[in-house]
$ cat protein34.pdb   # PDB, C-alpha atoms and all ligand atoms
ATOM      1  CA  MET A   1       0.000   0.000   0.000  1.00  0.00           C
ATOM      2  CA  LYS A   2       1.313   3.440  -0.901  1.00  0.00           C
ATOM      3  CA  ILE A   3       0.709   6.663   0.991  1.00  0.00           C
ATOM      4  CA  THR A   4       1.138   9.936  -0.900  1.00  0.00           C
ATOM      5  CA  ILE A   5       2.084  12.924   1.218  1.00  0.00           C
ATOM      6  CA  GLY A   6       1.421  16.376  -0.212  1.00  0.00           C
ATOM      7  CA  HIS A   7       3.561  19.195   1.155  1.00  0.00           C
ATOM      8  CA  LEU A   8       1.819  22.485   0.490  1.00  0.00           C
ATOM      9  CA  TYR A   9       4.066  25.441  -0.224  1.00  0.00           C
ATOM     10  CA  PRO A  10       7.347  24.326   1.398  1.00  0.00           C
ATOM     11  CA  ASP A  11       9.100  27.358  -0.096  1.00  0.00           C
ATOM     12  CA  LEU A  12       6.893  29.807   1.790  1.00  0.00           C
ATOM     13  CA  LEU A  13       5.613  27.860   4.785  1.00  0.00           C
ATOM     14  CA  ASN A  14       8.661  26.166   6.238  1.00  0.00           C
ATOM     15  CA  LEU A  15       9.529  28.063   9.422  1.00  0.00           C
ATOM     16  CA  TYR A  16      11.721  26.159  11.856  1.00  0.00           C
ATOM     17  CA  GLY A  17      12.217  23.208   9.499  1.00  0.00           C
ATOM     18  CA  ASP A  18       8.683  21.809   9.447  1.00  0.00           C
ATOM     19  CA  ARG A  19       9.950  19.702   6.521  1.00  0.00           C
ATOM     20  CA  GLY A  20      11.391  17.265   9.088  1.00  0.00           C
ATOM     21  CA  ASN A  21       7.825  16.226   9.840  1.00  0.00           C
ATOM     22  CA  ILE A  22       7.481  14.989   6.269  1.00  0.00           C
ATOM     23  CA  GLN A  23      10.627  12.880   6.635  1.00  0.00           C
ATOM     24  CA  CYS A  24       9.256  11.383   9.823  1.00  0.00           C
ATOM     25  CA  LEU A  25       5.953  10.405   8.190  1.00  0.00           C
ATOM     26  CA  LYS A  26       7.771   8.937   5.220  1.00  0.00           C
ATOM     27  CA  MET A  27      10.392   6.953   7.133  1.00  0.00           C
ATOM     28  CA  ARG A  28       7.924   5.476   9.614  1.00  0.00           C
ATOM     29  CA  LEU A  29       5.954   4.164   6.615  1.00  0.00           C
ATOM     30  CA  LEU A  30       9.019   2.781   4.820  1.00  0.00           C
ATOM     31  CA  TRP A  31      10.362   1.105   7.981  1.00  0.00           C
ATOM     32  CA  ARG A  32       7.088  -0.810   8.177  1.00  0.00           C
ATOM     33  CA  GLY A  33       7.146  -1.933   4.560  1.00  0.00           C
ATOM     34  CA  PHE A  34       4.638   0.580   3.149  1.00  0.00           C
ATOM     35  CA  ASP A  35       5.445   2.706   0.115  1.00  0.00           C
ATOM     36  CA  ALA A  36       5.595   6.462   0.543  1.00  0.00           C
ATOM     37  CA  GLU A  37       5.763   9.267  -1.946  1.00  0.00           C
ATOM     38  CA  VAL A  38       6.173  12.978  -1.207  1.00  0.00           C
ATOM     39  CA  LEU A  39       4.806  15.604  -3.592  1.00  0.00           C
ATOM     40  CA  ARG A  40       5.884  19.215  -3.046  1.00  0.00           C
ATOM     41  CA  PHE A  41       3.588  21.924  -4.336  1.00  0.00           C
ATOM     42  CA  GLY A  42       4.659  25.452  -5.218  1.00  0.00           C
ATOM     43  CA  ILE A  43       2.222  28.295  -4.729  1.00  0.00           C
ATOM     44  CA  ASP A  44       1.044  28.268  -8.372  1.00  0.00           C
ATOM     45  CA  ASP A  45       0.881  24.479  -8.830  1.00  0.00           C
ATOM     46  CA  PRO A  46      -2.520  22.823  -9.170  1.00  0.00           C
ATOM     47  CA  VAL A  47      -3.218  20.408  -6.297  1.00  0.00           C
ATOM     48  CA  ASP A  48      -5.178  17.226  -7.014  1.00  0.00           C
ATOM     49  CA  PHE A  49      -6.411  16.286  -3.546  1.00  0.00           C
ATOM     50  CA  THR A  50      -7.872  13.017  -4.823  1.00  0.00           C
ATOM     51  CA  LYS A  51      -4.277  11.760  -5.196  1.00  0.00           C
ATOM     52  CA  LEU A  52      -3.243  12.679  -1.634  1.00  0.00           C
ATOM     53  CA  ASP A  53      -3.443  10.689   1.596  1.00  0.00           C
ATOM     54  CA  ILE A  54      -1.738  13.142   3.957  1.00  0.00           C
ATOM     55  CA  VAL A  55      -1.447  16.917   3.528  1.00  0.00           C
ATOM     56  CA  LEU A  56       1.053  19.058   5.442  1.00  0.00           C
ATOM     57  CA  LEU A  57       0.594  22.811   5.659  1.00  0.00           C
ATOM     58  CA  GLY A  58       3.541  24.325   7.533  1.00  0.00           C
ATOM     59  CA  GLY A  59       4.243  27.475   9.499  1.00  0.00           C
ATOM     60  CA  GLY A  60       5.175  30.871   8.142  1.00  0.00           C
ATOM     61  CA  SER A  61       5.710  34.473   9.119  1.00  0.00           C
ATOM     62  CA  ASP A  62       2.780  36.885   8.764  1.00  0.00           C
ATOM     63  CA  ARG A  63       4.298  38.184   5.503  1.00  0.00           C
ATOM     64  CA  GLU A  64       4.471  34.722   3.936  1.00  0.00           C
ATOM     65  CA  GLN A  65       1.048  33.819   5.237  1.00  0.00           C
ATOM     66  CA  MET A  66      -0.387  36.890   3.517  1.00  0.00           C
ATOM     67  CA  ILE A  67       1.033  35.696   0.161  1.00  0.00           C
ATOM     68  CA  VAL A  68      -0.270  32.170   0.712  1.00  0.00           C
ATOM     69  CA  CYS A  69      -3.734  33.199   1.862  1.00  0.00           C
ATOM     70  CA  ARG A  70      -4.399  35.075  -1.387  1.00  0.00           C
ATOM     71  CA  LYS A  71      -3.747  31.867  -3.330  1.00  0.00           C
ATOM     72  CA  LEU A  72      -5.513  29.501  -0.973  1.00  0.00           C
ATOM     73  CA  GLN A  73      -8.947  30.468  -2.167  1.00  0.00           C
ATOM     74  CA  ASN A  74      -8.160  28.677  -5.462  1.00  0.00           C
ATOM     75  CA  ILE A  75      -7.845  25.324  -3.693  1.00  0.00           C
ATOM     76  CA  GLN A  76     -10.441  25.916  -0.954  1.00  0.00           C
ATOM     77  CA  LYS A  77     -13.233  23.870  -2.521  1.00  0.00           C
ATOM     78  CA  ASP A  78     -11.091  20.809  -3.223  1.00  0.00           C
ATOM     79  CA  PHE A  79      -9.321  21.038   0.144  1.00  0.00           C
ATOM     80  CA  LYS A  80     -12.698  21.176   1.903  1.00  0.00           C
ATOM     81  CA  ALA A  81     -13.978  18.148  -0.004  1.00  0.00           C
ATOM     82  CA  TYR A  82     -10.791  16.264   0.988  1.00  0.00           C
ATOM     83  CA  VAL A  83     -11.202  17.155   4.673  1.00  0.00           C
ATOM     84  CA  GLU A  84     -14.912  16.294   4.752  1.00  0.00           C
ATOM     85  CA  ASP A  85     -14.082  12.954   3.120  1.00  0.00           C
ATOM     86  CA  GLY A  86     -11.723  12.132   5.999  1.00  0.00           C
ATOM     87  CA  GLY A  87      -8.462  13.206   4.348  1.00  0.00           C
ATOM     88  CA  THR A  88      -5.609  13.380   6.846  1.00  0.00           C
ATOM     89  CA  THR A  89      -4.026  16.806   7.354  1.00  0.00           C
ATOM     90  CA  ILE A  90      -1.418  18.210   9.680  1.00  0.00           C
ATOM     91  CA  ALA A  91      -1.320  22.008   9.779  1.00  0.00           C
ATOM     92  CA  VAL A  92       1.300  23.755  11.860  1.00  0.00           C
ATOM     93  CA  CYS A  93       1.306  27.272  13.283  1.00  0.00           C
ATOM     94  CA  GLY A  94       0.717  29.649  10.345  1.00  0.00           C
ATOM     95  CA  GLY A  95      -0.853  26.740   8.446  1.00  0.00           C
ATOM     96  CA  TYR A  96      -3.076  25.987  11.446  1.00  0.00           C
ATOM     97  CA  GLN A  97      -4.290  29.577  11.561  1.00  0.00           C
ATOM     98  CA  LEU A  98      -5.159  29.419   7.860  1.00  0.00           C
ATOM     99  CA  LEU A  99      -7.442  26.390   8.407  1.00  0.00           C
ATOM    100  CA  GLY A 100      -9.879  28.699  10.135  1.00  0.00           C
ATOM    101  CA  HIS A 101     -12.102  31.573   9.074  1.00  0.00           C
ATOM    102  CA  TYR A 102      -9.539  34.365   9.308  1.00  0.00           C
ATOM    103  CA  TYR A 103      -6.341  35.650  10.890  1.00  0.00           C
ATOM    104  CA  ASN A 104      -6.628  39.287  11.853  1.00  0.00           C
ATOM    105  CA  THR A 105      -3.414  41.343  12.155  1.00  0.00           C
ATOM    106  CA  PRO A 106      -2.751  45.106  12.381  1.00  0.00           C
ATOM    107  CA  ASP A 107      -1.526  44.867   8.754  1.00  0.00           C
ATOM    108  CA  GLY A 108      -4.726  43.342   7.468  1.00  0.00           C
ATOM    109  CA  LYS A 109      -7.167  40.496   7.740  1.00  0.00           C
ATOM    110  CA  MET A 110      -6.178  37.234   6.072  1.00  0.00           C
ATOM    111  CA  GLU A 111      -9.015  35.165   4.741  1.00  0.00           C
ATOM    112  CA  GLY A 112      -8.702  31.554   5.890  1.00  0.00           C
ATOM    113  CA  LEU A 113      -9.762  28.309   4.275  1.00  0.00           C
ATOM    114  CA  HIS A 114     -12.923  27.912   6.431  1.00  0.00           C
ATOM    115  CA  LEU A 115     -12.138  24.208   6.844  1.00  0.00           C
ATOM    116  CA  VAL A 116     -12.401  24.206  10.627  1.00  0.00           C
ATOM    117  CA  ASP A 117     -14.518  26.418  12.862  1.00  0.00           C
ATOM    118  CA  LEU A 118     -11.865  28.663  14.429  1.00  0.00           C
ATOM    119  CA  TYR A 119     -10.440  32.145  14.039  1.00  0.00           C
ATOM    120  CA  THR A 120      -7.255  33.950  15.051  1.00  0.00           C
ATOM    121  CA  GLU A 121      -6.550  37.481  16.266  1.00  0.00           C
ATOM    122  CA  GLN A 122      -3.018  38.765  16.602  1.00  0.00           C
ATOM    123  CA  GLY A 123      -2.041  39.850  20.106  1.00  0.00           C
ATOM    124  CA  SER A 124       0.974  40.918  22.076  1.00  0.00           C
ATOM    125  CA  PRO A 125       3.376  39.732  23.371  1.00  0.00           C
ATOM    126  CA  ARG A 126       4.282  36.750  21.205  1.00  0.00           C
ATOM    127  CA  LEU A 127       3.612  33.488  22.977  1.00  0.00           C
ATOM    128  CA  ILE A 128       6.972  31.715  23.029  1.00  0.00           C
ATOM    129  CA  SER A 129       7.540  28.659  25.177  1.00  0.00           C
ATOM    130  CA  ASN A 130       8.225  25.012  25.509  1.00  0.00           C
ATOM    131  CA  ILE A 131       4.867  23.311  25.731  1.00  0.00           C
ATOM    132  CA  VAL A 132       3.434  20.064  27.083  1.00  0.00           C
ATOM    133  CA  LEU A 133      -0.048  18.791  26.213  1.00  0.00           C
ATOM    134  CA  GLN A 134      -2.231  15.939  27.303  1.00  0.00           C
ATOM    135  CA  ASN A 135      -4.846  14.212  25.188  1.00  0.00           C
ATOM    136  CA  ASP A 136      -6.410  10.927  26.263  1.00  0.00           C
ATOM    137  CA  LEU A 137      -6.279   9.789  22.632  1.00  0.00           C
ATOM    138  CA  TYR A 138      -2.547   9.323  23.093  1.00  0.00           C
ATOM    139  CA  PRO A 139      -0.607   7.009  25.390  1.00  0.00           C
ATOM    140  CA  TYR A 140       1.888   9.788  26.221  1.00  0.00           C
ATOM    141  CA  PRO A 141       1.828  13.585  26.528  1.00  0.00           C
ATOM    142  CA  VAL A 142       2.785  15.676  23.487  1.00  0.00           C
ATOM    143  CA  VAL A 143       5.878  17.875  23.819  1.00  0.00           C
ATOM    144  CA  GLY A 144       6.994  20.762  21.648  1.00  0.00           C
ATOM    145  CA  PHE A 145       7.764  24.423  21.201  1.00  0.00           C
ATOM    146  CA  GLU A 146       5.443  27.306  20.323  1.00  0.00           C
ATOM    147  CA  ASN A 147       6.147  30.784  18.949  1.00  0.00           C
ATOM    148  CA  HIS A 148       3.141  32.748  17.735  1.00  0.00           C
ATOM    149  CA  GLY A 149       1.589  36.174  17.899  1.00  0.00           C
ATOM    150  CA  GLY A 150      -1.857  34.879  16.965  1.00  0.00           C
ATOM    151  CA  ARG A 151      -4.479  33.945  19.550  1.00  0.00           C
ATOM    152  CA  THR A 152      -6.746  31.230  18.212  1.00  0.00           C
ATOM    153  CA  TRP A 153     -10.295  30.604  19.362  1.00  0.00           C
ATOM    154  CA  LEU A 154     -12.134  27.374  18.583  1.00  0.00           C
ATOM    155  CA  GLY A 155     -15.823  27.206  17.712  1.00  0.00           C
ATOM    156  CA  LYS A 156     -17.868  25.664  20.516  1.00  0.00           C
ATOM    157  CA  ASP A 157     -18.094  22.173  18.994  1.00  0.00           C
ATOM    158  CA  GLN A 158     -14.395  21.874  18.193  1.00  0.00           C
ATOM    159  CA  LYS A 159     -12.045  19.610  20.117  1.00  0.00           C
ATOM    160  CA  PRO A 160      -8.501  20.735  20.923  1.00  0.00           C
ATOM    161  CA  PHE A 161      -5.361  18.780  20.027  1.00  0.00           C
ATOM    162  CA  GLY A 162      -4.579  18.788  23.731  1.00  0.00           C
ATOM    163  CA  LYS A 163      -5.049  20.303  27.140  1.00  0.00           C
ATOM    164  CA  VAL A 164      -2.120  22.577  28.047  1.00  0.00           C
ATOM    165  CA  LEU A 165      -0.089  21.264  31.003  1.00  0.00           C
ATOM    166  CA  PHE A 166       2.705  23.754  30.425  1.00  0.00           C
ATOM    167  CA  GLY A 167       2.973  26.653  27.962  1.00  0.00           C
ATOM    168  CA  HIS A 168       0.430  29.022  26.398  1.00  0.00           C
ATOM    169  CA  GLY A 169      -1.563  27.077  23.803  1.00  0.00           C
ATOM    170  CA  ASN A 170      -4.198  28.552  21.510  1.00  0.00           C
ATOM    171  CA  ASN A 171      -4.738  31.854  23.263  1.00  0.00           C
ATOM    172  CA  ASP A 172      -3.072  31.742  26.705  1.00  0.00           C
ATOM    173  CA  LYS A 173      -6.526  31.777  28.309  1.00  0.00           C
ATOM    174  CA  ASP A 174      -8.628  28.677  27.824  1.00  0.00           C
ATOM    175  CA  GLY A 175      -6.016  25.974  28.487  1.00  0.00           C
ATOM    176  CA  GLN A 176      -6.456  24.419  25.067  1.00  0.00           C
ATOM    177  CA  GLU A 177      -3.967  23.838  22.275  1.00  0.00           C
ATOM    178  CA  GLY A 178      -4.633  23.159  18.603  1.00  0.00           C
ATOM    179  CA  VAL A 179      -7.626  21.418  17.121  1.00  0.00           C
ATOM    180  CA  ILE A 180      -8.636  17.975  15.943  1.00  0.00           C
ATOM    181  CA  TYR A 181     -11.441  17.967  13.397  1.00  0.00           C
ATOM    182  CA  LYS A 182     -12.183  14.683  11.595  1.00  0.00           C
ATOM    183  CA  ASN A 183      -8.683  13.623  10.463  1.00  0.00           C
ATOM    184  CA  VAL A 184      -7.236  17.129  10.588  1.00  0.00           C
ATOM    185  CA  ILE A 185      -4.793  18.130  13.295  1.00  0.00           C
ATOM    186  CA  GLY A 186      -3.968  21.821  13.614  1.00  0.00           C
ATOM    187  CA  THR A 187      -1.359  22.893  16.170  1.00  0.00           C
ATOM    188  CA  TYR A 188       1.039  25.652  17.177  1.00  0.00           C
ATOM    189  CA  LEU A 189       3.753  23.077  17.929  1.00  0.00           C
ATOM    190  CA  HIS A 190       6.265  23.640  15.166  1.00  0.00           C
ATOM    191  CA  GLY A 191       9.675  22.337  14.272  1.00  0.00           C
ATOM    192  CA  PRO A 192      10.155  18.638  14.907  1.00  0.00           C
ATOM    193  CA  LEU A 193       6.647  17.931  16.202  1.00  0.00           C
ATOM    194  CA  LEU A 194       6.482  14.429  14.736  1.00  0.00           C
ATOM    195  CA  PRO A 195      10.077  13.258  15.372  1.00  0.00           C
ATOM    196  CA  LYS A 196       9.638  14.364  19.007  1.00  0.00           C
ATOM    197  CA  ASN A 197       6.241  12.684  19.270  1.00  0.00           C
ATOM    198  CA  PRO A 198       6.283   9.436  17.279  1.00  0.00           C
ATOM    199  CA  HIS A 199       2.869   8.548  18.766  1.00  0.00           C
ATOM    200  CA  VAL A 200       1.360  11.601  17.022  1.00  0.00           C
ATOM    201  CA  CYS A 201       3.098  10.642  13.773  1.00  0.00           C
ATOM    202  CA  ASP A 202       1.665   7.123  13.996  1.00  0.00           C
ATOM    203  CA  ASP A 203      -1.783   8.503  14.757  1.00  0.00           C
ATOM    204  CA  LEU A 204      -1.655  10.477  11.487  1.00  0.00           C
ATOM    205  CA  LEU A 205      -0.385   7.433   9.600  1.00  0.00           C
ATOM    206  CA  ILE A 206      -3.098   5.125  10.882  1.00  0.00           C
ATOM    207  CA  ARG A 207      -5.777   7.699  10.019  1.00  0.00           C
ATOM    208  CA  ALA A 208      -4.455   7.833   6.425  1.00  0.00           C
ATOM    209  CA  LEU A 209      -3.972   4.072   6.144  1.00  0.00           C
ATOM    210  CA  ARG A 210      -7.480   3.293   7.473  1.00  0.00           C
ATOM    211  CA  ARG A 211      -8.983   5.620   4.848  1.00  0.00           C
ATOM    212  CA  LYS A 212      -7.177   3.528   2.223  1.00  0.00           C
ATOM    213  CA  GLY A 213      -8.604   0.309   3.632  1.00  0.00           C
ATOM    214  CA  PHE A 214      -5.709  -0.933   5.806  1.00  0.00           C
ATOM    215  CA  GLU A 215      -7.205  -2.991   8.615  1.00  0.00           C
ATOM    216  CA  GLY A 216      -4.084  -4.117  10.471  1.00  0.00           C
ATOM    217  CA  GLU A 217      -2.186  -2.459  13.299  1.00  0.00           C
ATOM    218  CA  LEU A 218       1.056  -0.509  12.964  1.00  0.00           C
ATOM    219  CA  GLU A 219       4.117  -2.495  13.898  1.00  0.00           C
ATOM    220  CA  PRO A 220       5.857  -0.885  16.908  1.00  0.00           C
ATOM    221  CA  LEU A 221       9.189   0.786  16.105  1.00  0.00           C
ATOM    222  CA  GLU A 222      12.247   1.355  18.269  1.00  0.00           C
ATOM    223  CA  ASP A 223      11.321   4.690  19.909  1.00  0.00           C
ATOM    224  CA  GLN A 224      13.177   4.323  23.194  1.00  0.00           C
ATOM    225  CA  GLU A 225      15.293   7.463  22.823  1.00  0.00           C
ATOM    226  CA  GLU A 226      12.341   9.605  21.755  1.00  0.00           C
ATOM    227  CA  ARG A 227      10.361   8.305  24.748  1.00  0.00           C
ATOM    228  CA  GLU A 228      13.154   9.091  27.178  1.00  0.00           C
ATOM    229  CA  ALA A 229      13.565  12.586  25.722  1.00  0.00           C
ATOM    230  CA  GLY A 230       9.799  13.129  25.927  1.00  0.00           C
ATOM    231  CA  ASP A 231       9.640  11.908  29.536  1.00  0.00           C
ATOM    232  CA  TYR A 232      12.500  14.221  30.447  1.00  0.00           C
ATOM    233  CA  ILE A 233      10.659  17.234  28.998  1.00  0.00           C
ATOM    234  CA  VAL A 234       7.414  16.291  30.733  1.00  0.00           C
ATOM    235  CA  LYS A 235       9.185  15.971  34.102  1.00  0.00           C
ATOM    236  CA  ARG A 236      11.171  19.160  33.605  1.00  0.00           C
ATOM    237  CA  PHE A 237       8.165  21.336  32.785  1.00  0.00           C
ATOM    238  CA  THR A 238       5.307  19.716  34.672  1.00  0.00           C
ATOM    239  CA  GLY A 239       7.154  18.130  37.566  1.00  0.00           C
ATOM    240  CA  GLY A 240       5.914  14.750  36.328  1.00  0.00           C
ATOM    241  CA  LYS A 241       2.199  15.672  36.483  1.00  0.00           C
ATOM    242  CA  ALA A 242       1.483  13.974  33.153  1.00  0.00           C
ATOM    243  CA  SER A 243       3.772  10.968  33.169  1.00  0.00           C
TER     244      SER A 243
HETATM  245  N1  LIG A 301       2.631  34.362  11.821  1.00  0.00           N
HETATM  246  C1  LIG A 301       1.911  33.594  12.783  1.00  0.00           C
HETATM  247  C2  LIG A 301       1.940  34.190  14.188  1.00  0.00           C
HETATM  248  O1  LIG A 301       2.887  34.846  14.567  1.00  0.00           O
HETATM  249  C3  LIG A 301       2.397  32.184  12.788  1.00  0.00           C
HETATM  250  C4  LIG A 301       3.844  32.086  13.177  1.00  0.00           C
HETATM  251  C5  LIG A 301       4.436  30.739  12.949  1.00  0.00           C
HETATM  252  O2  LIG A 301       4.067  30.023  11.994  1.00  0.00           O
HETATM  253  N2  LIG A 301       5.399  30.432  13.783  1.00  0.00           N
HETATM  254  O3  LIG A 301       1.007  33.982  14.936  1.00  0.00           O
END

$ encode --input "protein34.pdb" --output "structure tokens" --more "lines below"
Ligand code: GLN
Amino acid sequence: MKITIGHLYPDLLNLYGDRGNIQCLKMRLLWRGFDAEVLRFGIDDPVDFTKLDIVLLGGGSDREQMIVCRKLQNIQKDFKAYVEDGGTTIAVCGGYQLLGHYYNTPDGKMEGLHLVDLYTEQGSPRLISNIVLQNDLYPYPVVGFENHGGRTWLGKDQKPFGKVLFGHGNNDKDGQEGVIYKNVIGTYLHGPLLPKNPHVCDDLLIRALRRKGFEGELEPLEDQEEREAGDYIVKRFTGGKAS
């Protein structure tokens, strides 16, 4: 079985090396004997969502997001159909903000994709921190790093990616971080989110594989070092509350 991963706009939305997340998805498929293909899309390329199993929309500065958001309306309809059909998506930081209705900044309002019921308002200061989340979906907490000016607010029926145990999260007020809608995960945790959290990577993979008809379970991989690093971070920032 082959999984095709579509990386949307790596030239513009690739703050903090979000590309490493693509490598993680790909290698964890190959190590288990699946095929994996990565397609990179430039801002003017047509995107055929019917050929994709996982979509990654990375993080970007406000300036880059403004360029991207003008183009996004061209793919909105097909992206929405993909999401509603259970297509797997991981959207990070700037990409996460663009999943929603809008991102409002002092330099202008960016129209979002309206794929998930959320919106973002820029605030001050920037929210910069290590972060630890808990979600009962996962066997372990999720660890990462956040750096965003935007404050994101979820619509009342939306579920967060996690409850914040340490850090700021969506808006520094409601104790929530990110969103999970159908098979879409949106989060402010950028950089090596998936290498640091192999359990989140595998969750995305199983969502994509199930949609393609895979009925088995994912073979466990050797994640001892990642687990130890994750446990260390959880202890350091939460005093062990989540472990
Ligand atoms: N430009 C957005 C913000 O500052 C997202 C930043 C990012 O992708 N790190 O909120």

$ resolve_selection --input "protein34.pdb" --expression "the PyMOL selection byres (((chain A and resi 33-38) around 7) and not hetatm)" --output "list in words"
Met1, Lys2, Ile3, Thr4, Ile5, Gly6, Lys26, Leu29, Leu30, Trp31, Arg32, Leu39 and Arg40 of chain A

$ resolve_selection --input "protein34.pdb" --expression "the PyMOL selection byres (((chain A and resi 48) around 10) and not hetatm)" --output "PyMOL selection string"
chain A and resi 6+45-47+49-52+75+78-79+82

$ write_last_selection --input "protein34.pdb" --atoms "C-alpha atoms" --output "short mmCIF file (atom, residue, chain, number, x, y, z; two decimals), in the coordinates of the input"
data_model
loop_
_atom_site.label_atom_id
_atom_site.label_comp_id
_atom_site.auth_asym_id
_atom_site.auth_seq_id
_atom_site.Cartn_x
_atom_site.Cartn_y
_atom_site.Cartn_z
CA GLY A 6 1.42 16.38 -0.21
CA ASP A 45 0.88 24.48 -8.83
CA PRO A 46 -2.52 22.82 -9.17
CA VAL A 47 -3.22 20.41 -6.30
CA PHE A 49 -6.41 16.29 -3.55
CA THR A 50 -7.87 13.02 -4.82
CA LYS A 51 -4.28 11.76 -5.20
CA LEU A 52 -3.24 12.68 -1.63
CA ILE A 75 -7.84 25.32 -3.69
CA ASP A 78 -11.09 20.81 -3.22
CA PHE A 79 -9.32 21.04 0.14
CA TYR A 82 -10.79 16.26 0.99
#

$ closest_residue --input "protein34.pdb" --among "A:Asn130, A:Pro160, A:Asp136, A:Asn183" --to "A:Leu209" --atoms "all atoms listed in the file"
A:Asn183

$ residues_near_ligand --input "protein34.pdb" --ligand "ligand LIG 301 (chain A)" --cutoff "8 Å" --atoms "all atoms listed in the file" --output "ChimeraX atom specification"
/A:13,15-16,58-63,65,92-95,97,122,126,146-151,188,190

$ resolve_selection --input "protein34.pdb" --expression "the PyMOL selection byres (((chain A and resi 142) around 9) and not hetatm)" --output "list in words"
Ile131, Val132, Leu133, Gln134, Asn135, Tyr138, Tyr140, Pro141, Val143, Gly144, Gly162, Leu193, Lys196, Asn197, His199, Val200, Gly230 and Val234 of chain A

$ atom_distance --input "protein34.pdb" --atom1 "atom CA of A:Gln158" --atom2 "atom CA of A:Tyr181"
6.9 Å

$ residues_around --input "protein34.pdb" --residues "A:Asp44" --least-positions-apart "2" --cutoff "10 Å" --atoms "all atoms listed in the file" --output "VMD selection string"
chain A and resid 9 41 to 42 46 to 47 68 71 to 72 74

$ build_atoms --input "protein34.pdb" --residues "stretch 142-155 of chain A" --atoms "N, CA, C and O atoms" --output "PDB file, in the coordinates of the input"
ATOM      1  N   VAL A 142       2.173  15.142  24.712  1.00  0.00           N
ATOM      2  CA  VAL A 142       2.785  15.676  23.487  1.00  0.00           C
ATOM      3  C   VAL A 142       3.689  16.830  23.913  1.00  0.00           C
ATOM      4  O   VAL A 142       3.259  17.699  24.682  1.00  0.00           O
ATOM      5  N   VAL A 143       4.942  16.812  23.432  1.00  0.00           N
ATOM      6  CA  VAL A 143       5.878  17.875  23.819  1.00  0.00           C
ATOM      7  C   VAL A 143       6.286  18.673  22.591  1.00  0.00           C
ATOM      8  O   VAL A 143       6.312  18.142  21.478  1.00  0.00           O
ATOM      9  N   GLY A 144       6.592  19.961  22.796  1.00  0.00           N
ATOM     10  CA  GLY A 144       6.994  20.762  21.648  1.00  0.00           C
ATOM     11  C   GLY A 144       7.386  22.168  22.039  1.00  0.00           C
ATOM     12  O   GLY A 144       7.674  22.454  23.213  1.00  0.00           O
ATOM     13  N   PHE A 145       7.365  23.035  21.026  1.00  0.00           N
ATOM     14  CA  PHE A 145       7.764  24.423  21.201  1.00  0.00           C
ATOM     15  C   PHE A 145       6.789  25.296  20.418  1.00  0.00           C
ATOM     16  O   PHE A 145       6.407  24.933  19.305  1.00  0.00           O
ATOM     17  N   GLU A 146       6.393  26.402  21.007  1.00  0.00           N
ATOM     18  CA  GLU A 146       5.443  27.306  20.323  1.00  0.00           C
ATOM     19  C   GLU A 146       6.036  28.703  20.222  1.00  0.00           C
ATOM     20  O   GLU A 146       6.788  29.132  21.105  1.00  0.00           O
ATOM     21  N   ASN A 147       5.700  29.399  19.147  1.00  0.00           N
ATOM     22  CA  ASN A 147       6.147  30.784  18.949  1.00  0.00           C
ATOM     23  C   ASN A 147       5.162  31.454  18.004  1.00  0.00           C
ATOM     24  O   ASN A 147       5.244  31.302  16.793  1.00  0.00           O
ATOM     25  N   HIS A 148       4.184  32.151  18.582  1.00  0.00           N
ATOM     26  CA  HIS A 148       3.141  32.748  17.735  1.00  0.00           C
ATOM     27  C   HIS A 148       2.614  34.036  18.346  1.00  0.00           C
ATOM     28  O   HIS A 148       2.545  34.173  19.565  1.00  0.00           O
ATOM     29  N   GLY A 149       2.234  34.949  17.450  1.00  0.00           N
ATOM     30  CA  GLY A 149       1.589  36.174  17.899  1.00  0.00           C
ATOM     31  C   GLY A 149       0.077  35.975  17.924  1.00  0.00           C
ATOM     32  O   GLY A 149      -0.646  36.613  18.690  1.00  0.00           O
ATOM     33  N   GLY A 150      -0.413  35.095  17.073  1.00  0.00           N
ATOM     34  CA  GLY A 150      -1.857  34.879  16.965  1.00  0.00           C
ATOM     35  C   GLY A 150      -2.445  34.202  18.191  1.00  0.00           C
ATOM     36  O   GLY A 150      -1.809  33.365  18.819  1.00  0.00           O
ATOM     37  N   ARG A 151      -3.674  34.622  18.515  1.00  0.00           N
ATOM     38  CA  ARG A 151      -4.479  33.945  19.550  1.00  0.00           C
ATOM     39  C   ARG A 151      -5.630  33.275  18.819  1.00  0.00           C
ATOM     40  O   ARG A 151      -6.422  33.975  18.133  1.00  0.00           O
ATOM     41  N   THR A 152      -5.733  31.974  18.959  1.00  0.00           N
ATOM     42  CA  THR A 152      -6.746  31.230  18.212  1.00  0.00           C
ATOM     43  C   THR A 152      -7.886  30.810  19.124  1.00  0.00           C
ATOM     44  O   THR A 152      -7.664  30.361  20.256  1.00  0.00           O
ATOM     45  N   TRP A 153      -9.086  30.964  18.592  1.00  0.00           N
ATOM     46  CA  TRP A 153     -10.295  30.604  19.362  1.00  0.00           C
ATOM     47  C   TRP A 153     -11.084  29.569  18.574  1.00  0.00           C
ATOM     48  O   TRP A 153     -11.392  29.775  17.392  1.00  0.00           O
ATOM     49  N   LEU A 154     -11.399  28.458  19.245  1.00  0.00           N
ATOM     50  CA  LEU A 154     -12.134  27.374  18.583  1.00  0.00           C
ATOM     51  C   LEU A 154     -13.635  27.610  18.692  1.00  0.00           C
ATOM     52  O   LEU A 154     -14.119  28.089  19.722  1.00  0.00           O
ATOM     53  N   GLY A 155     -14.365  27.215  17.641  1.00  0.00           N
ATOM     54  CA  GLY A 155     -15.823  27.206  17.712  1.00  0.00           C
ATOM     55  C   GLY A 155     -16.268  26.230  18.794  1.00  0.00           C
ATOM     56  O   GLY A 155     -15.522  25.323  19.170  1.00  0.00           O
TER      57      GLY A 155
END
